[in-house]
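Here's entry.pdb, which has PDB, C-alpha atoms, pLDDT in the B column:
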ATOM      1  CA  MET A   1       0.000   0.000   0.000  1.00 76.00           C
ATOM      2  CA  PHE A   2       2.882   2.382   0.834  1.00 77.00           C
ATOM      3  CA  GLU A   3       4.307   2.071  -2.693  1.00 82.00           C
ATOM      4  CA  GLU A   4       0.885   2.916  -4.154  1.00 86.00           C
ATOM      5  CA  TYR A   5       0.649   6.044  -1.983  1.00 86.00           C
ATOM      6  CA  LYS A   6       4.147   7.145  -2.970  1.00 84.00           C
ATOM      7  CA  ASN A   7       3.357   6.576  -6.663  1.00 83.00           C
ATOM      8  CA  LYS A   8       0.150   8.643  -6.451  1.00 87.00           C
ATOM      9  CA  ILE A   9       1.994  11.527  -4.808  1.00 87.00           C
ATOM     10  CA  PHE A  10       4.720  11.483  -7.463  1.00 82.00           C
ATOM     11  CA  ALA A  11       2.125  11.156 -10.245  1.00 85.00           C
ATOM     12  CA  PHE A  12       0.536  14.335  -8.852  1.00 86.00           C
ATOM     13  CA  TYR A  13       3.982  15.972  -8.911  1.00 83.00           C
ATOM     14  CA  GLU A  14       4.560  14.915 -12.525  1.00 80.00           C
ATOM     15  CA  GLY A  15       1.163  16.214 -13.622  1.00 83.00           C
ATOM     16  CA  GLN A  16       1.057  19.453 -11.629  1.00 83.00           C
ATOM     17  CA  LYS A  17       4.814  20.244 -11.598  1.00 79.00           C
ATOM     18  CA  ARG A  18       4.559  20.790  -7.835  1.00 85.00           C
ATOM     19  CA  MET A  19       4.212  18.681  -4.732  1.00 87.00           C
ATOM     20  CA  PRO A  20       0.690  18.357  -3.284  1.00 89.00           C
ATOM     21  CA  SER A  21      -0.282  20.064  -0.038  1.00 89.00           C
ATOM     22  CA  TYR A  22      -1.202  17.997   3.020  1.00 89.00           C
ATOM     23  CA  LYS A  23      -4.898  18.536   2.253  1.00 90.00           C
ATOM     24  CA  GLU A  24      -4.386  17.483  -1.380  1.00 91.00           C
ATOM     25  CA  ILE A  25      -2.553  14.335  -0.213  1.00 90.00           C
ATOM     26  CA  MET A  26      -5.424  13.584   2.152  1.00 90.00           C
ATOM     27  CA  ASN A  27      -7.956  13.850  -0.707  1.00 91.00           C
ATOM     28  CA  LEU A  28      -5.699  12.094  -3.221  1.00 90.00           C
ATOM     29  CA  LEU A  29      -5.176   9.055  -0.997  1.00 89.00           C
ATOM     30  CA  GLY A  30      -8.623   8.987   0.612  1.00 91.00           C
ATOM     31  CA  PHE A  31      -7.279   9.587   4.124  1.00 90.00           C
ATOM     32  CA  LYS A  32      -9.721  10.733   6.807  1.00 90.00           C
ATOM     33  CA  SER A  33      -7.288  12.933   8.741  1.00 89.00           C
ATOM     34  CA  LYS A  34      -4.265  15.143   8.237  1.00 87.00           C
ATOM     35  CA  ASN A  35      -2.556  13.165  11.011  1.00 90.00           C
ATOM     36  CA  SER A  36      -2.419  10.151   8.650  1.00 90.00           C
ATOM     37  CA  VAL A  37      -0.881  12.389   5.990  1.00 88.00           C
ATOM     38  CA  TYR A  38       1.634  13.699   8.531  1.00 91.00           C
ATOM     39  CA  LYS A  39       2.723  10.141   9.392  1.00 90.00           C
ATOM     40  CA  LEU A  40       3.025   9.171   5.702  1.00 89.00           C
ATOM     41  CA  VAL A  41       5.011  12.336   4.891  1.00 89.00           C
ATOM     42  CA  ASN A  42       7.422  11.639   7.751  1.00 89.00           C
ATOM     43  CA  LYS A  43       7.912   8.086   6.504  1.00 89.00           C
ATOM     44  CA  LEU A  44       8.606   9.393   2.963  1.00 86.00           C
ATOM     45  CA  ILE A  45      11.120  11.858   4.417  1.00 86.00           C
ATOM     46  CA  ASP A  46      12.814   9.132   6.506  1.00 86.00           C
ATOM     47  CA  LEU A  47      13.120   6.925   3.412  1.00 83.00           C
ATOM     48  CA  GLY A  48      14.603   9.801   1.369  1.00 80.00           C
ATOM     49  CA  PHE A  49      11.802  10.190  -1.191  1.00 81.00           C
ATOM     50  CA  ILE A  50      10.812  13.726  -0.230  1.00 84.00           C
ATOM     51  CA  ASP A  51      12.091  16.542   1.939  1.00 84.00           C
ATOM     52  CA  LYS A  52      10.992  19.937   3.216  1.00 85.00           C
ATOM     53  CA  ASP A  53      12.530  23.222   2.157  1.00 80.00           C
ATOM     54  CA  SER A  54      13.421  25.998   4.603  1.00 78.00           C
ATOM     55  CA  THR A  55       9.773  27.161   4.638  1.00 82.00           C
ATOM     56  CA  GLY A  56       8.411  23.674   5.413  1.00 82.00           C
ATOM     57  CA  LYS A  57       7.063  23.111   1.887  1.00 85.00           C
ATOM     58  CA  LEU A  58       7.316  19.544   0.557  1.00 86.00           C
ATOM     59  CA  ILE A  59       9.873  19.010  -2.201  1.00 83.00           C
ATOM     60  CA  PRO A  60      10.757  15.871  -4.156  1.00 79.00           C
ATOM     61  CA  LYS A  61      14.111  14.287  -3.466  1.00 76.00           C
ATOM     62  CA  ASN A  62      16.115  11.900  -5.613  1.00 61.00           C
ATOM     63  CA  LEU A  63      13.612  11.938  -8.465  1.00 57.00           C
ATOM     64  CA  PHE A  64      16.022  10.242 -10.811  1.00 55.00           C
ATOM     65  CA  GLN A  65      17.144   7.533  -8.393  1.00 55.00           C
ATOM     66  CA  GLU A  66      20.338   5.830  -9.542  1.00 59.00           C
ATOM     67  CA  VAL A  67      21.310   5.561 -13.213  1.00 60.00           C
ATOM     68  CA  LYS A  68      24.025   3.228 -14.521  1.00 61.00           C
ATOM     69  CA  LEU A  69      27.306   4.927 -15.356  1.00 62.00           C
ATOM     70  CA  LEU A  70      28.740   2.848 -18.188  1.00 55.00           C
ATOM     71  CA  GLY A  71      31.981   4.703 -18.765  1.00 62.00           C
ATOM     72  CA  LEU A  72      33.331   7.107 -21.361  1.00 61.00           C
ATOM     73  CA  VAL A  73      32.217   7.771 -24.915  1.00 65.00           C
ATOM     74  CA  GLU A  74      34.679   9.069 -27.481  1.00 72.00           C
ATOM     75  CA  ALA A  75      33.668  12.404 -28.998  1.00 73.00           C
ATOM     76  CA  GLY A  76      36.602  12.342 -31.409  1.00 68.00           C
ATOM     77  CA  ILE A  77      37.882   9.372 -33.398  1.00 69.00           C
ATOM     78  CA  PRO A  78      35.800   6.223 -32.780  1.00 70.00           C
ATOM     79  CA  THR A  79      37.453   3.613 -30.575  1.00 65.00           C
ATOM     80  CA  LEU A  80      36.527   0.103 -29.560  1.00 65.00           C
ATOM     81  CA  ALA A  81      34.772  -0.055 -26.223  1.00 57.00           C
ATOM     82  CA  GLU A  82      33.004  -2.684 -24.214  1.00 60.00           C
ATOM     83  CA  GLU A  83      29.868  -1.922 -22.267  1.00 56.00           C
ATOM     84  CA  GLU A  84      30.713  -2.250 -18.623  1.00 57.00           C
ATOM     85  CA  THR A  85      28.810  -0.791 -15.701  1.00 57.00           C
ATOM     86  CA  LEU A  86      31.402   1.147 -13.723  1.00 62.00           C
ATOM     87  CA  ASP A  87      29.108   2.593 -11.105  1.00 69.00           C
ATOM     88  CA  THR A  88      25.757   4.234 -10.610  1.00 71.00           C
ATOM     89  CA  LEU A  89      25.084   7.946 -10.409  1.00 68.00           C
ATOM     90  CA  ASN A  90      22.216   9.799  -8.747  1.00 70.00           C
ATOM     91  CA  LEU A  91      21.484  12.797 -10.981  1.00 74.00           C
ATOM     92  CA  ASP A  92      19.812  14.795  -8.199  1.00 73.00           C
ATOM     93  CA  ASN A  93      22.926  14.532  -6.034  1.00 74.00           C
ATOM     94  CA  TYR A  94      25.222  15.172  -9.013  1.00 77.00           C
ATOM     95  CA  LEU A  95      23.408  18.287 -10.235  1.00 81.00           C
ATOM     96  CA  ILE A  96      22.137  19.830  -6.993  1.00 80.00           C
ATOM     97  CA  LYS A  97      24.360  20.441  -3.983  1.00 81.00           C
ATOM     98  CA  ASP A  98      22.013  22.657  -1.924  1.00 80.00           C
ATOM     99  CA  ARG A  99      18.346  22.125  -2.790  1.00 75.00           C
ATOM    100  CA  ASP A 100      17.122  25.178  -0.825  1.00 78.00           C
ATOM    101  CA  ALA A 101      19.523  27.486  -2.672  1.00 84.00           C
ATOM    102  CA  THR A 102      18.999  25.949  -6.130  1.00 86.00           C
ATOM    103  CA  TYR A 103      16.478  26.676  -8.851  1.00 86.00           C
ATOM    104  CA  LEU A 104      15.987  26.137 -12.583  1.00 88.00           C
ATOM    105  CA  LEU A 105      15.598  28.803 -15.246  1.00 91.00           C
ATOM    106  CA  GLU A 106      14.641  28.325 -18.891  1.00 92.00           C
ATOM    107  CA  VAL A 107      17.056  30.072 -21.256  1.00 95.00           C
ATOM    108  CA  LYS A 108      15.714  32.699 -23.638  1.00 94.00           C
ATOM    109  CA  GLY A 109      18.021  34.173 -26.257  1.00 95.00           C
ATOM    110  CA  ASP A 110      21.374  33.228 -27.760  1.00 96.00           C
ATOM    111  CA  SER A 111      23.957  35.374 -25.958  1.00 96.00           C
ATOM    112  CA  MET A 112      25.591  32.284 -24.377  1.00 97.00           C
ATOM    113  CA  ILE A 113      25.539  30.074 -27.487  1.00 97.00           C
ATOM    114  CA  ASP A 114      29.349  29.822 -27.762  1.00 97.00           C
ATOM    115  CA  GLU A 115      29.351  28.296 -24.269  1.00 96.00           C
ATOM    116  CA  GLY A 116      26.899  25.700 -25.593  1.00 96.00           C
ATOM    117  CA  ILE A 117      23.884  27.167 -23.803  1.00 97.00           C
ATOM    118  CA  LYS A 118      20.960  27.369 -26.232  1.00 96.00           C
ATOM    119  CA  GLU A 119      17.494  28.881 -26.074  1.00 94.00           C
ATOM    120  CA  GLY A 120      15.127  26.410 -24.410  1.00 92.00           C
ATOM    121  CA  ASP A 121      17.843  24.830 -22.250  1.00 92.00           C
ATOM    122  CA  LEU A 122      17.383  24.778 -18.499  1.00 91.00           C
ATOM    123  CA  VAL A 123      20.153  26.137 -16.316  1.00 93.00           C
ATOM    124  CA  ILE A 124      20.672  25.067 -12.727  1.00 91.00           C
ATOM    125  CA  ALA A 125      21.469  28.147 -10.669  1.00 92.00           C
ATOM    126  CA  GLU A 126      22.585  28.269  -7.050  1.00 92.00           C
ATOM    127  CA  ARG A 127      22.143  31.281  -4.761  1.00 91.00           C
ATOM    128  CA  LYS A 128      25.306  30.647  -2.837  1.00 85.00           C
ATOM    129  CA  GLY A 129      28.839  31.989  -2.725  1.00 86.00           C
ATOM    130  CA  GLU A 130      30.594  34.882  -4.366  1.00 91.00           C
ATOM    131  CA  PRO A 131      31.122  34.693  -8.126  1.00 95.00           C
ATOM    132  CA  ARG A 132      34.645  34.324  -9.403  1.00 95.00           C
ATOM    133  CA  ASP A 133      35.982  35.799 -12.618  1.00 96.00           C
ATOM    134  CA  GLY A 134      34.701  33.598 -15.453  1.00 96.00           C
ATOM    135  CA  ASP A 135      31.680  32.121 -13.616  1.00 97.00           C
ATOM    136  CA  ILE A 136      28.399  32.161 -15.487  1.00 97.00           C
ATOM    137  CA  VAL A 137      25.954  34.134 -13.371  1.00 96.00           C
ATOM    138  CA  ILE A 138      22.344  35.233 -13.175  1.00 95.00           C
ATOM    139  CA  ALA A 139      22.510  38.966 -12.517  1.00 94.00           C
ATOM    140  CA  GLU A 140      20.306  42.014 -12.259  1.00 94.00           C
ATOM    141  CA  VAL A 141      21.880  44.900 -14.120  1.00 94.00           C
ATOM    142  CA  ASP A 142      20.293  48.341 -13.966  1.00 92.00           C
ATOM    143  CA  GLY A 143      16.864  46.786 -13.356  1.00 90.00           C
ATOM    144  CA  GLY A 144      17.035  43.977 -15.976  1.00 92.00           C
ATOM    145  CA  TRP A 145      17.944  40.298 -15.583  1.00 94.00           C
ATOM    146  CA  THR A 146      20.465  38.381 -17.684  1.00 96.00           C
ATOM    147  CA  MET A 147      22.819  35.402 -17.740  1.00 97.00           C
ATOM    148  CA  LYS A 148      26.429  36.073 -18.724  1.00 97.00           C
ATOM    149  CA  TYR A 149      30.039  35.466 -17.710  1.00 98.00           C
ATOM    150  CA  PHE A 150      31.003  37.412 -14.595  1.00 97.00           C
ATOM    151  CA  LYS A 151      34.170  39.388 -15.315  1.00 97.00           C
ATOM    152  CA  LYS A 152      36.329  41.334 -12.899  1.00 94.00           C
ATOM    153  CA  LYS A 153      39.445  43.374 -13.677  1.00 91.00           C
ATOM    154  CA  GLY A 154      40.649  45.256 -10.629  1.00 89.00           C
ATOM    155  CA  ASN A 155      37.637  47.252  -9.413  1.00 89.00           C
ATOM    156  CA  LEU A 156      35.854  46.983 -12.765  1.00 92.00           C
ATOM    157  CA  VAL A 157      33.027  44.431 -12.778  1.00 95.00           C
ATOM    158  CA  TYR A 158      31.038  43.641 -15.929  1.00 96.00           C
ATOM    159  CA  LEU A 159      29.205  40.859 -17.755  1.00 97.00           C
ATOM    160  CA  MET A 160      30.503  39.197 -20.904  1.00 97.00           C
ATOM    161  CA  PRO A 161      28.328  37.305 -23.401  1.00 97.00           C
ATOM    162  CA  ALA A 162      29.452  34.100 -25.125  1.00 97.00           C
ATOM    163  CA  ASN A 163      28.387  35.316 -28.567  1.00 97.00           C
ATOM    164  CA  LYS A 164      30.431  37.729 -30.689  1.00 96.00           C
ATOM    165  CA  ASN A 165      27.206  39.443 -31.830  1.00 96.00           C
ATOM    166  CA  TYR A 166      26.711  40.903 -28.325  1.00 96.00           C
ATOM    167  CA  LYS A 167      28.737  43.480 -26.424  1.00 96.00           C
ATOM    168  CA  PRO A 168      29.866  43.314 -22.797  1.00 96.00           C
ATOM    169  CA  ILE A 169      27.454  44.819 -20.272  1.00 96.00           C
ATOM    170  CA  TYR A 170      28.870  47.461 -17.952  1.00 95.00           C
ATOM    171  CA  PRO A 171      26.417  48.505 -15.229  1.00 93.00           C
ATOM    172  CA  GLU A 172      25.529  52.182 -15.342  1.00 93.00           C
ATOM    173  CA  GLU A 173      24.078  52.212 -11.831  1.00 91.00           C
ATOM    174  CA  GLU A 174      23.927  48.817 -10.174  1.00 92.00           C
ATOM    175  CA  MET A 175      24.650  45.135 -10.711  1.00 94.00           C
ATOM    176  CA  LYS A 176      23.623  42.374  -8.292  1.00 94.00           C
ATOM    177  CA  VAL A 177      24.587  38.745  -8.849  1.00 95.00           C
ATOM    178  CA  ALA A 178      21.673  36.580  -7.749  1.00 94.00           C
ATOM    179  CA  ALA A 179      23.083  33.131  -8.518  1.00 94.00           C
ATOM    180  CA  ILE A 180      25.894  31.175 -10.109  1.00 96.00           C
ATOM    181  CA  VAL A 181      25.056  28.742 -12.909  1.00 95.00           C
ATOM    182  CA  LYS A 182      26.087  25.203 -11.937  1.00 93.00           C
ATOM    183  CA  GLY A 183      24.805  23.172 -14.875  1.00 92.00           C
ATOM    184  CA  VAL A 184      22.789  23.009 -18.077  1.00 94.00           C
ATOM    185  CA  ILE A 185      20.062  20.538 -18.978  1.00 91.00           C
ATOM    186  CA  ARG A 186      19.010  19.947 -22.574  1.00 92.00           C
ATOM    187  CA  LYS A 187      16.320  17.525 -23.658  1.00 87.00           C
ATOM    188  CA  TYR A 188      16.381  16.215 -27.220  1.00 88.00           C
TER     189      TYR A 188
END
Target encoding structure tokens, full file:
Amino acid sequence: MFEEYKNKIFAFYEGQKRMPSYKEIMNLLGFKSKNSVYKLVNKLIDLGFIDKDSTGKLIPKNLFQEVKLLGLVEAGIPTLAEEETLDTLNLDNYLIKDRDATYLLEVKGDSMIDEGIKEGDLVIAERKGEPRDGDIVIAEVDGGWTMKYFKKKGNLVYLMPANKNYKPIYPEEEMKVAAIVKGVIRKY
């Protein structure tokens, strides 16, 4: 029965793109009380299927589970290779270090195309740490938001695109770095 409950909750997540509230779980599973939901949620947390963010909101955890890591693939001259499972990899743990500080953004535009970031890609951004020269950042510049390379030369701070058709952005009034890009996801 537990597996069925877990599957219904994750089916809700897949369909709604958000975790259900306690009341929605109660209705979804036909429970008579929120106390039953509370006990189920705690069991799901203990087993590592879900977690709570800093505000207490339910969030999925380890959605991808473990995926086989077969080894390397040659992106140059073809070589002979045997399929051999080297290990397994949990994509959630690989891509996200701090769930509370991490979010996804869909890319619009082509100013980072030479970095291999295309329109429609998702970037994983983390609100943590100070950007270093060369990091890709999400920044607010003079009231507008953008994603570019963070560049620093002495006291001069600016943003550099990865497309020769765009010019560097020098803040006229203010620039605030909101997050550092940690990864890119592209679905084919």
**Picked residues, the PyMOL selection byres ((chain A and resi 35-49) around 10), as a ChimeraX atom specification** = /A:2,5-6,10,21-27,29,31-34,50-52,58-63,65
**Message:** Could you tell me, as a ChimeraX atom specification, exactly which residues end up selected when the PyMOL selection byres ((chain A and resi 187) around 10) is applied to this structure?
**Reply:** /A:120-122,185-186,188
**Item:** Result set of the PyMOL selection byres ((chain A and resi 123) around 10) on the coordinates above, as a PyMOL selection string
**Value:** chain A and resi 103-107+117+120-122+124-126+138+147+180-186
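If you look at atom CA of A:Tyr166 and atom CA of A:Met112, they are 9.5 Å away from each other.
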**Item:** Between atom CA of A:Lys57 and atom CA of A:Val177, distance in Å (one decimal)
**Value:** 25.8 Å
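Each of A:Lys148, A:Lys153, A:Lys176, A:Lys17 was checked against A:Ser111 using all atoms listed in the file; the smallest atom-to-atom distance is that of A:Lys148.
Rounded to one decimal, atom CA of A:Ala179 and atom CA of A:Leu95 lie 14.9 Å from each other.
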